[in-house]
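Visitor: One structure is given below, represented as structure tokens, and several questions about it will come after.
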Amino acid sequence: MSQPIATAAAPSLARPEWARARRIVVKIGSALLTDRDTGQLKRDWLASLMDDVTELVRQGRDVVLVSSGSIALGRHKLGLPKGALELEQSQAAAAVGQISLAHAYQELAAQSGLTVAQILLTLGDTEQRRRYLNAWHTIETLLALKAIPVVNENDTVATAEIKYGDNDRLSARVAGMVSADCLVLLSDIDGLYTAPPNENPNAQHIPLVTEITSEIEAMAGDAGTELSKGGMKTKIEAGRIALGAGTNMVITTGKVLHPLRAISQGCKVTWFLAKQDPVTAKKRWISGQLESRGTLHVDEGAEKALVAGKSLLVAGVTHVEGEFERGDAVIIRAPDGRELGRGLSAYAKGDAARILGRKSSEIAEILGFEGGPELIHRDDMALHRK
Ligand code: GLU
């Protein structure tokens, strides 16, 4: 295990984006969590990470963890040989290892009075809009309830064609999904270099990236080891996804104790800075959706509320047209027929039609489930400028 970083009198040099980040997603690689030779979980390291998470939560930030390690832990328990595994073997290893992983998080979080929640995702959960909405709402609900979501790929069921394969990109998708301000990729290296430093002694550390150019891509090399699926290449791809979603990204080393505290203290990292914030990025994506599945006609009161920046409530919608599912893009029209904007519907057409104009308190009774009073949340809506 590497030595803890010096903490005494460290200057506070973290970028302001770190201090400002209200919602942070942290990706933890297998190589940091497990001992390569014994396959054992590095408990001291994980305990130090959970200390840092507790500190961030105390500061009022939302934290989502994306943790690898299931295959690395499980393969050892199953006595599988070193080297590349067959797909079925990885799936079996993940099934065994994920239990230990979740247990370790639960135990260590409980020491600080935190609750963790396991979320296993497959590619479709972030790429298909409807499933995306479900995963997103669950994570939002957990965060509102002050639980720490611990996400991993559902490796047991994900076959080659429907797999991310690496948690770098998965964590960037999750960061976009929850509109995180910052994604931290804890790696075995303290950032991006002009060339892989183990191959080129003249490689220079790059502290700041504001755009992912082909030059930056070329610096990444291939890499990827037996233990960690992603090399710098998938981290740059994660950067592209994160910046597109308005999320800043940090690559730094996790080979120290208290790696998140180290960021607060201005340790060596590479920052990838997004040009826009997550909500703006999402709204821009929504307004660019060419295909709309339906139309929601709103009353005057709702129009005023929307212009004032509020969500669209079920109570303010007079009628709906088209055939849309939950999560589909729909057009919002004023009483005089003008298009006010677009948004993602929180209800399918059939359900929406049954609850139109009804009070929030009646919705659950009519539908048989608690879906909330909003037909479109304000963050899921892009209004046209007047
Ligand atoms: N999901 C894999 C696991 O938990 C790891 C993928 C990766 O290393 O990025 O073992």
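Labels for the structure tokens follow display order: chains A, B, ..., residues from 1 in each chain, ligands from 1.
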Write out as JSON lines a residue-level contact list of chain A versus ligand 1 with cut-off 7 Å: for each qualifying residue the closest pair of atoms and the distance in Å to one decimal, counting only C-alpha atoms and all ligand atoms, rows sorted by chain and residue number upward.

Guide:
```
{"residue": "A:Gly29", "atom": "CA", "partner": "ligand 1", "partner_atom_place_in_ligand_line": "8 (O)", "distance": 5.8}
{"residue": "A:Ser30", "atom": "CA", "partner": "ligand 1", "partner_atom_place_in_ligand_line": "8 (O)", "distance": 5.6}
{"residue": "A:Ser67", "atom": "CA", "partner": "ligand 1", "partner_atom_place_in_ligand_line": "4 (O)", "distance": 6.5}
{"residue": "A:Ser68", "atom": "CA", "partner": "ligand 1", "partner_atom_place_in_ligand_line": "4 (O)", "distance": 3.4}
{"residue": "A:Gly69", "atom": "CA", "partner": "ligand 1", "partner_atom_place_in_ligand_line": "10 (O)", "distance": 4.1}
{"residue": "A:Ser70", "atom": "CA", "partner": "ligand 1", "partner_atom_place_in_ligand_line": "4 (O)", "distance": 4.0}
{"residue": "A:Ile71", "atom": "CA", "partner": "ligand 1", "partner_atom_place_in_ligand_line": "10 (O)", "distance": 3.8}
{"residue": "A:Ala72", "atom": "CA", "partner": "ligand 1", "partner_atom_place_in_ligand_line": "10 (O)", "distance": 5.6}
{"residue": "A:Ala94", "atom": "CA", "partner": "ligand 1", "partner_atom_place_in_ligand_line": "10 (O)", "distance": 6.2}
{"residue": "A:Asn152", "atom": "CA", "partner": "ligand 1", "partner_atom_place_in_ligand_line": "1 (N)", "distance": 5.6}
{"residue": "A:Glu153", "atom": "CA", "partner": "ligand 1", "partner_atom_place_in_ligand_line": "1 (N)", "distance": 4.9}
{"residue": "A:Asp155", "atom": "CA", "partner": "ligand 1", "partner_atom_place_in_ligand_line": "1 (N)", "distance": 6.0}
{"residue": "A:Gly165", "atom": "CA", "partner": "ligand 1", "partner_atom_place_in_ligand_line": "6 (C)", "distance": 5.7}
{"residue": "A:Asp166", "atom": "CA", "partner": "ligand 1", "partner_atom_place_in_ligand_line": "9 (O)", "distance": 3.3}
{"residue": "A:Asn167", "atom": "CA", "partner": "ligand 1", "partner_atom_place_in_ligand_line": "9 (O)", "distance": 3.7}
{"residue": "A:Asp168", "atom": "CA", "partner": "ligand 1", "partner_atom_place_in_ligand_line": "9 (O)", "distance": 5.9}
{"residue": "A:Leu227", "atom": "CA", "partner": "ligand 1", "partner_atom_place_in_ligand_line": "8 (O)", "distance": 6.5}
{"residue": "A:Ser228", "atom": "CA", "partner": "ligand 1", "partner_atom_place_in_ligand_line": "8 (O)", "distance": 4.1}
{"residue": "A:Lys229", "atom": "CA", "partner": "ligand 1", "partner_atom_place_in_ligand_line": "8 (O)", "distance": 4.2}
{"residue": "A:Gly230", "atom": "CA", "partner": "ligand 1", "partner_atom_place_in_ligand_line": "9 (O)", "distance": 5.4}
```

Visitor: Do a neighbour search on Leu312 (chain A) at 8 Å with only C-alpha atoms, toss out local chain neighbours closer than 3 positions, and write the hits as a list in words.

Guide: Ala302, Ala305, Leu306, Gly316, Val317, Glu374, Leu375, Ile376, His377 and Arg378 of chain A

Visitor: Select from region 162-363 of chain A everything DSSP, run on the backbone, classes as strand (DSSP E or B), then give the selection as JSON, numbers by chain.

Guide: {"A": [182, 183, 184, 185, 186, 187, 192, 193, 205, 206, 208, 209, 248, 249, 250, 251, 252, 253, 269, 270, 271, 272, 294, 295, 296, 297, 298, 312, 313, 317, 318, 319, 320, 321, 322, 329, 330, 331, 332, 333, 339, 340, 341, 342, 343, 344]}

Visitor: List as JSON, numbers by chain the protein and nucleic acid residues near region 191-208 of chain A, meaning an atom at most 9 Å away when only C-alpha atoms are counted, but skip any in the same chain fewer than 3 places from it.

Guide: {"A": [187, 188, 216, 218, 219, 220, 221, 223, 232, 236, 250, 251, 252, 253, 268, 269, 270, 271, 272, 273]}

Visitor: Keeping only N, CA and C atoms, write the selected residues to a file as a PDB file, in the first residue's frame.

Guide:
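And here's result_25.pdb as it stands now:
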```
ATOM      1  N   SER A 187      -7.443   7.059 -10.364  1.00  0.00           N
ATOM      2  CA  SER A 187      -6.701   6.221 -11.286  1.00  0.00           C
ATOM      3  C   SER A 187      -5.400   5.756 -10.636  1.00  0.00           C
ATOM      4  N   ASP A 188      -4.560   5.060 -11.398  1.00  0.00           N
ATOM      5  CA  ASP A 188      -3.245   4.693 -10.861  1.00  0.00           C
ATOM      6  C   ASP A 188      -2.193   5.714 -11.289  1.00  0.00           C
ATOM      7  N   ILE A 216      -5.141  15.676 -27.821  1.00  0.00           N
ATOM      8  CA  ILE A 216      -5.344  15.120 -26.471  1.00  0.00           C
ATOM      9  C   ILE A 216      -5.592  13.619 -26.582  1.00  0.00           C
ATOM     10  N   ALA A 218      -4.544  11.621 -28.784  1.00  0.00           N
ATOM     11  CA  ALA A 218      -3.309  10.922 -29.152  1.00  0.00           C
ATOM     12  C   ALA A 218      -2.402  10.711 -27.945  1.00  0.00           C
ATOM     13  N   MET A 219      -2.555  11.558 -26.925  1.00  0.00           N
ATOM     14  CA  MET A 219      -1.695  11.436 -25.741  1.00  0.00           C
ATOM     15  C   MET A 219      -2.055  10.220 -24.895  1.00  0.00           C
ATOM     16  N   ALA A 220      -3.284   9.752 -25.071  1.00  0.00           N
ATOM     17  CA  ALA A 220      -3.797   8.736 -24.162  1.00  0.00           C
ATOM     18  C   ALA A 220      -3.153   7.360 -24.333  1.00  0.00           C
ATOM     19  N   GLY A 221      -2.732   7.031 -25.545  1.00  0.00           N
ATOM     20  CA  GLY A 221      -2.211   5.680 -25.771  1.00  0.00           C
ATOM     21  C   GLY A 221      -3.329   4.658 -25.601  1.00  0.00           C
ATOM     22  N   ALA A 223      -3.231   1.303 -23.408  1.00  0.00           N
ATOM     23  CA  ALA A 223      -3.203   0.823 -22.026  1.00  0.00           C
ATOM     24  C   ALA A 223      -4.363  -0.089 -21.645  1.00  0.00           C
ATOM     25  N   MET A 232      -5.963   5.131 -20.219  1.00  0.00           N
ATOM     26  CA  MET A 232      -6.204   6.567 -20.366  1.00  0.00           C
ATOM     27  C   MET A 232      -7.212   6.817 -21.484  1.00  0.00           C
ATOM     28  N   ILE A 236     -10.316   9.437 -21.470  1.00  0.00           N
ATOM     29  CA  ILE A 236     -10.530  10.577 -22.378  1.00  0.00           C
ATOM     30  C   ILE A 236     -11.948  10.481 -22.966  1.00  0.00           C
ATOM     31  N   VAL A 250     -12.095  15.337 -13.180  1.00  0.00           N
ATOM     32  CA  VAL A 250     -10.747  15.340 -12.599  1.00  0.00           C
ATOM     33  C   VAL A 250     -10.172  13.935 -12.743  1.00  0.00           C
ATOM     34  N   ILE A 251      -8.957  13.841 -13.254  1.00  0.00           N
ATOM     35  CA  ILE A 251      -8.252  12.553 -13.185  1.00  0.00           C
ATOM     36  C   ILE A 251      -7.127  12.744 -12.173  1.00  0.00           C
ATOM     37  N   THR A 252      -7.094  11.875 -11.187  1.00  0.00           N
ATOM     38  CA  THR A 252      -5.976  11.945 -10.253  1.00  0.00           C
ATOM     39  C   THR A 252      -5.683  10.563  -9.698  1.00  0.00           C
ATOM     40  N   THR A 253      -4.600  10.477  -8.936  1.00  0.00           N
ATOM     41  CA  THR A 253      -4.242   9.159  -8.432  1.00  0.00           C
ATOM     42  C   THR A 253      -5.106   8.779  -7.226  1.00  0.00           C
ATOM     43  N   LYS A 268      -1.762  17.015  -7.269  1.00  0.00           N
ATOM     44  CA  LYS A 268      -1.570  17.017  -8.728  1.00  0.00           C
ATOM     45  C   LYS A 268      -2.723  16.273  -9.410  1.00  0.00           C
ATOM     46  N   VAL A 269      -3.368  16.930 -10.329  1.00  0.00           N
ATOM     47  CA  VAL A 269      -4.500  16.327 -11.047  1.00  0.00           C
ATOM     48  C   VAL A 269      -4.536  16.887 -12.462  1.00  0.00           C
ATOM     49  N   THR A 270      -5.345  16.292 -13.316  1.00  0.00           N
ATOM     50  CA  THR A 270      -5.709  16.944 -14.575  1.00  0.00           C
ATOM     51  C   THR A 270      -7.184  17.300 -14.492  1.00  0.00           C
ATOM     52  N   TRP A 271      -7.467  18.575 -14.694  1.00  0.00           N
ATOM     53  CA  TRP A 271      -8.861  19.030 -14.736  1.00  0.00           C
ATOM     54  C   TRP A 271      -9.319  19.088 -16.181  1.00  0.00           C
ATOM     55  N   PHE A 272     -10.517  18.600 -16.426  1.00  0.00           N
ATOM     56  CA  PHE A 272     -11.177  18.779 -17.714  1.00  0.00           C
ATOM     57  C   PHE A 272     -12.354  19.710 -17.423  1.00  0.00           C
ATOM     58  N   LEU A 273     -12.327  20.908 -18.002  1.00  0.00           N
ATOM     59  CA  LEU A 273     -13.372  21.880 -17.664  1.00  0.00           C
ATOM     60  C   LEU A 273     -14.419  21.988 -18.760  1.00  0.00           C
TER      61      LEU A 273
END
```

Visitor: Using only C-alpha atoms, pick whichever of A:Leu170, A:Ala352, A:Val25, A:Leu80 has the shortest atom-to-atom distance to Val314 (chain A).

Guide: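 Among the listed residues, A:Ala352 lies closest to Val314 (chain A).
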
Visitor: Give the answer as one residue: which of A:Lys255, A:Tyr347, A:Ser311, A:Gly357 has the shortest atom-to-atom distance to Glu370 (chain A), using only C-alpha atoms?

Guide: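 Selected residue with least distance to Glu370 (chain A): A:Tyr347.
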
Visitor: Could you give me, as a list in words, the residues within 8 Å of Gly39 (chain A), counting only C-alpha atoms and dropping anything in the same chain fewer than 6 positions from it?

Guide: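 Selected residues are Ala72, Leu73, Arg75 and His76 of chain A.
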
Visitor: Looking at A:Ser48, A:Thr126, A:Thr141, A:Ser345, which one is nearest to Ser112 (chain A), with distances taken over only C-alpha atoms?

Guide: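 Checking each of A:Ser48, A:Thr126, A:Thr141, A:Ser345 against Ser112 (chain A), counting only C-alpha atoms, the winner is A:Ser48.
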
Visitor: Between A:Ala175, A:Leu296, A:Leu114, A:Ala158, which one has atoms that come closest to Ile331 (chain A), using only C-alpha atoms?

Guide: A:Leu296

Visitor: DSSP on the backbone: which residues in region 15-228 of chain A end up as alpha helix (DSSP H)? Give the answer as number ranges by chain.

Guide: A: 16-20, 30-33, 43-58, 70-77, 87-110, 123-127, 129-144, 167-177, 214-220

Visitor: Fewer than 4 positions away in the same chain doesn't count, so skip those; otherwise give me all residues within 9 Å of Arg43 (chain A), counting only C-alpha atoms, as a list of chain:residue names.

Guide: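 With the cut-off at 9 Å, the set is A:Leu33, A:Thr34, A:Ala47, A:Ser48, A:Ala104, A:Leu108.
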
Visitor: Once you have the residues from the selection above, write them out as a short mmCIF file (atom, residue, chain, number, x, y, z; two decimals), in the first residue's frame, restricted to N, CA, C and O atoms.

Guide:
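Result saved to result.cif:
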```
data_model
loop_
_atom_site.label_atom_id
_atom_site.label_comp_id
_atom_site.auth_asym_id
_atom_site.auth_seq_id
_atom_site.Cartn_x
_atom_site.Cartn_y
_atom_site.Cartn_z
N LEU A 33 -8.84 -0.91 -5.34
CA LEU A 33 -9.65 -1.56 -4.31
C LEU A 33 -9.15 -2.94 -3.92
O LEU A 33 -9.45 -3.43 -2.84
N THR A 34 -8.46 -3.58 -4.85
CA THR A 34 -8.07 -4.96 -4.57
C THR A 34 -6.57 -5.15 -4.74
O THR A 34 -5.94 -4.49 -5.57
N ALA A 47 -11.60 2.45 3.64
CA ALA A 47 -12.03 3.19 4.84
C ALA A 47 -11.63 4.66 4.71
O ALA A 47 -12.41 5.56 5.06
N SER A 48 -10.44 4.92 4.17
CA SER A 48 -10.00 6.32 4.04
C SER A 48 -10.86 7.05 3.01
O SER A 48 -11.19 8.22 3.17
N ALA A 104 -18.68 -4.60 1.85
CA ALA A 104 -17.58 -3.75 2.35
C ALA A 104 -18.01 -2.29 2.40
O ALA A 104 -17.78 -1.59 3.38
N LEU A 108 -18.33 -0.13 5.94
CA LEU A 108 -17.49 1.04 6.19
C LEU A 108 -18.32 2.32 6.24
O LEU A 108 -18.02 3.22 7.02
#
```

Visitor: Identify, on the basis of only C-alpha atoms, every residue whose closest approach to region 322-328 of chain A does not exceed 8 Å; exclude the query and any residue fewer than 2 positions from it along the same chain; express the result as a JSON list (two decimals) with N, CA and C atoms, in the first residue's frame.

Guide:
```json
[["chain", "number", "residue", "atom", "x", "y", "z"],
["A", 129, "ARG", "N", -34.02, 6.05, -23.39],
["A", 129, "ARG", "CA", -34.55, 7.16, -22.61],
["A", 129, "ARG", "C", -35.45, 6.76, -21.45],
["A", 130, "ARG", "N", -36.31, 5.75, -21.71],
["A", 130, "ARG", "CA", -37.27, 5.39, -20.65],
["A", 130, "ARG", "C", -36.56, 4.77, -19.44],
["A", 133, "LEU", "N", -34.65, 7.29, -17.48],
["A", 133, "LEU", "CA", -35.46, 8.07, -16.55],
["A", 133, "LEU", "C", -35.68, 7.30, -15.25],
["A", 292, "SER", "N", -40.53, 14.92, -31.76],
["A", 292, "SER", "CA", -41.35, 14.99, -30.55],
["A", 292, "SER", "C", -42.49, 14.01, -30.73],
["A", 293, "ARG", "N", -42.90, 13.39, -29.65],
["A", 293, "ARG", "CA", -43.91, 12.33, -29.72],
["A", 293, "ARG", "C", -45.32, 12.82, -29.44],
["A", 294, "GLY", "N", -45.41, 14.03, -28.90],
["A", 294, "GLY", "CA", -46.74, 14.49, -28.55],
["A", 294, "GLY", "C", -46.73, 15.96, -28.17],
["A", 295, "THR", "N", -47.90, 16.45, -27.79],
["A", 295, "THR", "CA", -48.03, 17.86, -27.43],
["A", 295, "THR", "C", -48.83, 17.98, -26.14],
["A", 320, "VAL", "N", -53.85, 16.61, -24.01],
["A", 320, "VAL", "CA", -52.60, 16.08, -24.57],
["A", 320, "VAL", "C", -52.90, 15.43, -25.92],
["A", 330, "VAL", "N", -41.70, 15.98, -25.69],
["A", 330, "VAL", "CA", -43.01, 16.50, -26.12],
["A", 330, "VAL", "C", -42.93, 18.01, -26.27],
["A", 344, "LEU", "N", -39.18, 16.66, -21.44],
["A", 344, "LEU", "CA", -39.32, 15.21, -21.35],
["A", 344, "LEU", "C", -40.48, 14.90, -20.40],
["A", 345, "SER", "N", -41.46, 14.19, -20.90],
["A", 345, "SER", "CA", -42.65, 13.92, -20.10],
["A", 345, "SER", "C", -42.35, 12.89, -19.00],
["A", 346, "ALA", "N", -42.81, 13.20, -17.81],
["A", 346, "ALA", "CA", -42.60, 12.26, -16.70],
["A", 346, "ALA", "C", -43.67, 11.16, -16.69],
["A", 347, "TYR", "N", -44.72, 11.34, -17.51],
["A", 347, "TYR", "CA", -45.78, 10.33, -17.60],
["A", 347, "TYR", "C", -45.99, 9.90, -19.05],
["A", 348, "ALA", "N", -46.44, 8.68, -19.24],
["A", 348, "ALA", "CA", -46.84, 8.21, -20.57],
["A", 348, "ALA", "C", -48.18, 8.86, -20.90],
["A", 349, "LYS", "N", -48.50, 8.91, -22.20],
["A", 349, "LYS", "CA", -49.74, 9.56, -22.65],
["A", 349, "LYS", "C", -50.97, 9.05, -21.88]]
```
